[in-house]
Amino acid sequence: MGISTKPAESSQTGASKENKLPDRSLAAGFPSGFLWGTAASAYQIEGAVNEDGRGPSIWDRYAHIPGKIADRSNADVANDSYHLYKDDVQLMKALGAKAYRFSIAWPRVFPEGTGTPNPKGLDFYNRLLDELLANGIEPFATMYHWDLPQTLQDRVGGWMSRDTATAFGEYAGYVAARLSDRVKHFFTINECSRLVDLGYGAEVDAPGLTLAQPALNQVRHHVALGHGLAVQAIRAHGRAGTKVGPAENIVICVPAIETPANIRAAEIATRELNAGYLTVMLEGKYTDAFLAYAGKDAPKYTAEDLAVISSPIDFVGLNVYMPHHYVVAADDAHGFALTPFPASFPHMESSWLKIGPEAMYWAPRHVAKLWDVKSIYITENGTSATDQPAADGHVDDVDRIMYLRNYLTQLQRATSEGVPVLGYFLWSLMDNFEWSDGFEKRFGLYRVDFKTQRRTPKLSASFYRETIARNAVV
Ligand code: PNW
């Protein structure tokens, strides 16, 4: 197999003198020390699902059910990053990226979810960490990016049971004890809301259930509890100074027009529409409106649970793809109204991925303002694109560049106003298994030929390399 790691030449070459770009990095760049990285997750890139004692995960099971994955694929091999991780680290290095957000596959470490650990599984991450650090790339590890050990699903119904939250805490503590000599930042759970809504509510993600509201609310609570137990376990077992926080895709509420009244309405909406996860994590209680709305379907919980869920965190990670609502002020009890998306609202290659760059400004600004959060990472941002290769194999993904340029401009707006965003992880380093969309939707800076495993930089890789080099939007 061949890997080409040199990003395509930037389109600046040959520009006339008049077109020389001014150096904006001092005048309008990101703060110095801003951390630029890329992101990926275990099941989406690793492959090697039966190697070195890994147990099955709910995604292995789900992807093999006929009809669940758009292109009838699965991630048994995916990007084969389990074997090609050294090459993949070179792809990051070629971008000038200084950080990598990856996830640890729970079923590699505990093949049955609990019980006897599998040292060979953890060894893969030891190798990966050593390779990253040898190349000057800081590892940021996510404990759970949806690949639950299948045995936990079979034995206790996965997140339907609080036993899974308990098991998650134990697994997270075990990992933190062994990796925190090199990993200084851990994320607990990737996107609580998506794993619950699409996995247990809408039959889109594994385990593919369609629970009714009371059971669904209980799953929500167990996932939030799992986050809190993991925070505590990582603190208890990690070295001093180990930092931990969530990686949430909050419901992002954007003021339809930036008036003080609409901005306030968008803040109220953000607090209420994230009541089940980020709000309870940061406030230690479910909001009155959340409990009133749930009514008799509200989850069952104790005061102790709320204390666990709201265990102090060191930072908030935000996955930002799109605005979820444009909000206007309202004179009713809620204080906000959500406007419907017109049919003509633009989207990227994935039809759900609406184009609203200002989400990248408002998401961290709301979080900093509402909860006085002092450290924020953008843990994911990126887009699918058609990525049709030209005859010579090049992918000139100017639509991805358009998307990134506009979102990063809004992020720069936020940091220039003092919103404490410390780093940005682009989703994704390379094309990979996009869950129920299989390999049909490509999110990478590098194109992957899944027959040969060849990785080729797209034009957006050059864009990102330039952005990192200047520490400013180009
Ligand atoms: C993320 N939204 O999911 C996941 O963390 C990744 O594993 C995935 O590959 C990537 O985004 C692209 O889909 C999201 O509706 C799905 O805002 C939907 C939303 C956000 C994140």
# chains A, B, ... in the order shown; residues from 1 in each chain; ligands from 1
call {"tool": "residues_around", "arguments": {"residues": "Leu338 (chain A)", "least_positions_apart": "5", "cutoff": "9 Å", "atoms": "only C-alpha atoms", "output": "list in words"}}
result
Cys253, Ala269, His325, Tyr326, Val327, Val328 and Ala329 of chain A
call {"tool": "residues_around", "arguments": {"residues": "Ser310 (chain A)", "least_positions_apart": "6", "cutoff": "8 Å", "atoms": "only C-alpha atoms", "output": "list in words"}}
result
Gly228, Val280, Met281, Leu282, Glu283 and Gly284 of chain A
call {"tool": "residues_near_ligand", "arguments": {"ligand": "ligand 1", "cutoff": "7 Å", "atoms": "only C-alpha atoms and all ligand atoms", "output": "VMD selection string"}}
result
chain A and resid 41 190 to 191 194 249 319 to 322 324 352 to 353 427 434 to 435
call {"tool": "write_last_selection", "arguments": {"atoms": "N, CA and C atoms", "output": "PDB file, in the first residue's frame"}}
result
ATOM      1  N   SER A  41     -12.364   8.431  15.848  1.00  0.00           N
ATOM      2  CA  SER A  41     -12.791   7.548  16.936  1.00  0.00           C
ATOM      3  C   SER A  41     -12.465   6.101  16.596  1.00  0.00           C
ATOM      4  N   ASN A 190     -18.487  10.733  24.317  1.00  0.00           N
ATOM      5  CA  ASN A 190     -18.737  11.543  23.133  1.00  0.00           C
ATOM      6  C   ASN A 190     -20.240  11.655  22.888  1.00  0.00           C
ATOM      7  N   GLU A 191     -20.751  12.878  22.967  1.00  0.00           N
ATOM      8  CA  GLU A 191     -22.124  13.167  22.541  1.00  0.00           C
ATOM      9  C   GLU A 191     -23.170  12.287  23.207  1.00  0.00           C
ATOM     10  N   ARG A 194     -26.581  12.148  21.221  1.00  0.00           N
ATOM     11  CA  ARG A 194     -26.740  11.353  20.004  1.00  0.00           C
ATOM     12  C   ARG A 194     -26.770   9.862  20.328  1.00  0.00           C
ATOM     13  N   ASN A 249     -22.261  17.341  21.979  1.00  0.00           N
ATOM     14  CA  ASN A 249     -22.844  18.105  20.861  1.00  0.00           C
ATOM     15  C   ASN A 249     -24.076  18.806  21.416  1.00  0.00           C
ATOM     16  N   ASN A 319     -18.663  19.635  20.341  1.00  0.00           N
ATOM     17  CA  ASN A 319     -18.679  19.240  18.936  1.00  0.00           C
ATOM     18  C   ASN A 319     -19.619  20.206  18.217  1.00  0.00           C
ATOM     19  N   VAL A 320     -19.098  20.951  17.278  1.00  0.00           N
ATOM     20  CA  VAL A 320     -19.908  21.982  16.621  1.00  0.00           C
ATOM     21  C   VAL A 320     -19.987  21.692  15.125  1.00  0.00           C
ATOM     22  N   TYR A 321     -21.171  21.388  14.678  1.00  0.00           N
ATOM     23  CA  TYR A 321     -21.386  21.147  13.250  1.00  0.00           C
ATOM     24  C   TYR A 321     -22.357  22.144  12.636  1.00  0.00           C
ATOM     25  N   MET A 322     -23.393  22.469  13.405  1.00  0.00           N
ATOM     26  CA  MET A 322     -24.459  23.285  12.793  1.00  0.00           C
ATOM     27  C   MET A 322     -25.290  23.943  13.879  1.00  0.00           C
ATOM     28  N   HIS A 324     -28.667  24.399  15.740  1.00  0.00           N
ATOM     29  CA  HIS A 324     -29.856  23.548  15.871  1.00  0.00           C
ATOM     30  C   HIS A 324     -31.140  24.364  15.843  1.00  0.00           C
ATOM     31  N   TRP A 352     -28.326  16.407   6.987  1.00  0.00           N
ATOM     32  CA  TRP A 352     -28.554  17.008   8.314  1.00  0.00           C
ATOM     33  C   TRP A 352     -27.624  18.174   8.599  1.00  0.00           C
ATOM     34  N   LEU A 353     -26.549  18.300   7.819  1.00  0.00           N
ATOM     35  CA  LEU A 353     -25.487  19.243   8.192  1.00  0.00           C
ATOM     36  C   LEU A 353     -25.744  20.635   7.632  1.00  0.00           C
ATOM     37  N   TRP A 427     -12.747  17.406  12.561  1.00  0.00           N
ATOM     38  CA  TRP A 427     -13.289  16.099  12.210  1.00  0.00           C
ATOM     39  C   TRP A 427     -13.395  16.031  10.701  1.00  0.00           C
ATOM     40  N   GLU A 434     -18.613   6.252   8.568  1.00  0.00           N
ATOM     41  CA  GLU A 434     -19.525   7.281   9.076  1.00  0.00           C
ATOM     42  C   GLU A 434     -20.826   6.628   9.574  1.00  0.00           C
ATOM     43  N   TRP A 435     -20.676   5.703  10.521  1.00  0.00           N
ATOM     44  CA  TRP A 435     -21.815   5.079  11.186  1.00  0.00           C
ATOM     45  C   TRP A 435     -22.835   4.539  10.180  1.00  0.00           C
TER      46      TRP A 435
END
call {"tool": "select_by_dssp", "arguments": {"residues": "region 28-273 of chain A", "states": "alpha helix (DSSP H)", "output": "PyMOL selection string"}}
result
chain A and resi 28+42-45+58-63+81-95+106-109+119-134+150-156+162-179+192-196+213-237+260-273
call {"tool": "write_last_selection", "arguments": {"atoms": "C-alpha atoms", "output": "compact mmCIF listing (two decimals), in the first residue's frame"}}
result
# COMPACT_ATOMS: atom_id res chain seq x y z
CA ALA A 28 -6.28 39.02 13.64
CA ALA A 42 -11.89 3.91 17.50
CA TYR A 43 -14.63 2.04 15.68
CA GLN A 44 -14.59 4.46 12.75
CA ILE A 45 -10.90 3.90 11.90
CA ILE A 58 -22.66 -3.13 19.84
CA TRP A 59 -21.47 -1.51 16.62
CA ASP A 60 -19.96 -4.78 15.34
CA ARG A 61 -23.28 -6.47 15.93
CA TYR A 62 -25.36 -3.63 14.53
CA ALA A 63 -23.31 -3.06 11.37
CA SER A 81 -5.48 2.23 11.63
CA TYR A 82 -4.81 -0.50 14.19
CA HIS A 83 -1.95 -1.50 11.93
CA LEU A 84 -1.32 1.74 10.04
CA TYR A 85 -1.30 4.11 13.02
CA LYS A 86 2.31 5.12 12.42
CA ASP A 87 1.46 6.27 8.92
CA ASP A 88 -1.57 8.10 10.29
CA VAL A 89 0.56 9.98 12.79
CA GLN A 90 2.68 11.14 9.83
CA LEU A 91 -0.49 12.46 8.16
CA MET A 92 -1.09 14.63 11.23
CA LYS A 93 2.51 15.75 11.30
CA ALA A 94 2.33 16.81 7.65
CA LEU A 95 -0.49 19.18 8.60
CA TRP A 106 -13.74 -0.27 25.70
CA PRO A 107 -14.07 -3.84 24.31
CA ARG A 108 -10.33 -3.95 23.58
CA VAL A 109 -9.58 -3.18 27.22
CA PRO A 119 -3.56 -6.13 28.45
CA LYS A 120 -2.99 -6.64 24.73
CA GLY A 121 -5.87 -4.29 24.01
CA LEU A 122 -4.41 -1.49 26.05
CA ASP A 123 -1.02 -2.12 24.47
CA PHE A 124 -2.32 -0.79 21.18
CA TYR A 125 -2.95 2.57 22.84
CA ASN A 126 0.48 2.43 24.49
CA ARG A 127 2.01 2.09 21.04
CA LEU A 128 -0.15 4.87 19.63
CA LEU A 129 0.69 7.23 22.50
CA ASP A 130 4.40 6.63 22.17
CA GLU A 131 4.22 7.29 18.44
CA LEU A 132 2.23 10.50 18.91
CA LEU A 133 4.57 11.86 21.56
CA ALA A 134 7.66 10.95 19.56
CA GLN A 150 -21.82 -6.25 23.39
CA THR A 151 -21.83 -8.34 26.57
CA LEU A 152 -23.07 -5.34 28.55
CA GLN A 153 -25.90 -4.88 26.09
CA ASP A 154 -26.81 -8.56 26.34
CA ARG A 155 -26.46 -8.84 30.11
CA VAL A 156 -28.05 -5.63 31.37
CA ARG A 162 -27.17 1.87 35.85
CA ASP A 163 -24.81 -1.12 35.99
CA THR A 164 -23.41 0.14 32.69
CA ALA A 165 -22.70 3.54 34.23
CA THR A 166 -20.90 1.77 37.08
CA ALA A 167 -18.94 -0.43 34.68
CA PHE A 168 -18.01 2.64 32.64
CA GLY A 169 -16.58 4.35 35.70
CA GLU A 170 -14.50 1.29 36.53
CA TYR A 171 -13.18 1.00 32.98
CA ALA A 172 -12.35 4.73 32.87
CA GLY A 173 -10.44 4.52 36.16
CA TYR A 174 -8.49 1.49 34.92
CA VAL A 175 -7.50 3.30 31.73
CA ALA A 176 -6.62 6.57 33.49
CA ALA A 177 -4.31 4.72 35.90
CA ARG A 178 -2.38 3.24 32.99
CA LEU A 179 -2.34 6.05 30.42
CA CYS A 192 -24.48 11.82 25.19
CA SER A 193 -27.51 13.05 23.29
CA ARG A 194 -26.74 11.35 20.00
CA LEU A 195 -25.96 8.00 21.54
CA VAL A 196 -29.26 8.12 23.43
CA GLN A 213 -40.18 8.24 26.82
CA PRO A 214 -39.94 6.94 30.41
CA ALA A 215 -37.29 4.37 29.50
CA LEU A 216 -35.53 6.86 27.23
CA ASN A 217 -35.32 9.42 30.03
CA GLN A 218 -33.88 6.76 32.29
CA VAL A 219 -31.21 5.98 29.66
CA ARG A 220 -30.40 9.72 29.49
CA HIS A 221 -29.92 9.80 33.22
CA HIS A 222 -27.69 6.72 33.24
CA VAL A 223 -25.49 8.19 30.52
CA ALA A 224 -25.12 11.46 32.46
CA LEU A 225 -24.37 9.39 35.57
CA GLY A 226 -21.76 7.41 33.62
CA HIS A 227 -20.08 10.70 32.71
CA GLY A 228 -19.94 11.71 36.39
CA LEU A 229 -18.66 8.35 37.59
CA ALA A 230 -15.93 8.49 34.94
CA VAL A 231 -14.93 12.01 36.02
CA GLN A 232 -14.54 10.77 39.59
CA ALA A 233 -12.68 7.61 38.58
CA ILE A 234 -10.27 9.49 36.32
CA ARG A 235 -9.51 11.89 39.18
CA ALA A 236 -9.09 9.03 41.65
CA HIS A 237 -6.82 6.90 39.46
CA PRO A 260 -29.69 41.98 23.18
CA ALA A 261 -33.19 40.48 23.64
CA ASN A 262 -32.61 37.69 21.12
CA ILE A 263 -29.17 36.95 22.53
CA ARG A 264 -30.68 36.58 26.00
CA ALA A 265 -33.42 34.35 24.56
CA ALA A 266 -30.80 32.17 22.87
CA GLU A 267 -28.96 31.81 26.20
CA ILE A 268 -32.14 30.73 27.99
CA ALA A 269 -32.91 28.27 25.20
CA THR A 270 -29.38 26.83 25.35
CA ARG A 271 -29.72 26.21 29.07
CA GLU A 272 -33.14 24.57 28.74
CA LEU A 273 -32.53 22.50 25.61
call {"tool": "closest_atom_pairs", "arguments": {"of": "region 148-208 of chain A", "to": "region 436-448 of chain A", "cutoff": "10 Å", "atoms": "only C-alpha atoms", "output": "CSV"}}
result
residue,atom,partner,partner_atom,distance
A:Val204,CA,A:Ser436,CA,6.8
A:Asp205,CA,A:Ser436,CA,6.6
A:Ala206,CA,A:Ser436,CA,9.0
call {"tool": "atom_distance", "arguments": {"atom1": "CA of Pro207 (chain A)", "atom2": "CA of Pro56 (chain A)"}}
result
12.6 Å
call {"tool": "residues_around", "arguments": {"residues": "Ala359 (chain A)", "least_positions_apart": "3", "cutoff": "7 Å", "atoms": "only C-alpha atoms", "output": "list in words"}}
result
Ile252, Val254, Met322, Pro323, Gly356, Trp362 and Ala363 of chain A
call {"tool": "closest_residue", "arguments": {"among": "A:Thr379, A:Gly67, A:Ser311, A:Asp80", "to": "Glu51 (chain A)", "atoms": "only C-alpha atoms"}}
result
A:Asp80
call {"tool": "select_by_dssp", "arguments": {"residues": "region 285-437 of chain A", "states": "strand (DSSP E or B)", "output": "ChimeraX atom specification"}}
result
/A:316-319,325-329,336-339,347,354,376-381,385,421-427,430
call {"tool": "residues_around", "arguments": {"residues": "region 365-376 of chain A", "least_positions_apart": "4", "cutoff": "8 Å", "atoms": "only C-alpha atoms", "output": "list in words"}}
result
Glu267, Thr270, Arg271, Leu282, Asp314, Phe315, Val316, Gly317, Leu318, Tyr361, Ala414, Val419, Pro420, Val421, Leu422 and Gly423 of chain A
call {"tool": "residues_around", "arguments": {"residues": "Gly33 (chain A)", "least_positions_apart": "3", "cutoff": "12 Å", "atoms": "only C-alpha atoms", "output": "PyMOL selection string"}}
result
chain A and resi 29-30+36+98-99+421-424+468-472
call {"tool": "atom_distance", "arguments": {"atom1": "CA of Leu429 (chain A)", "atom2": "CA of Gly55 (chain A)"}}
result
25.9 Å
call {"tool": "atom_distance", "arguments": {"atom1": "CA of Leu404 (chain A)", "atom2": "CA of Glu248 (chain A)"}}
result
19.7 Å
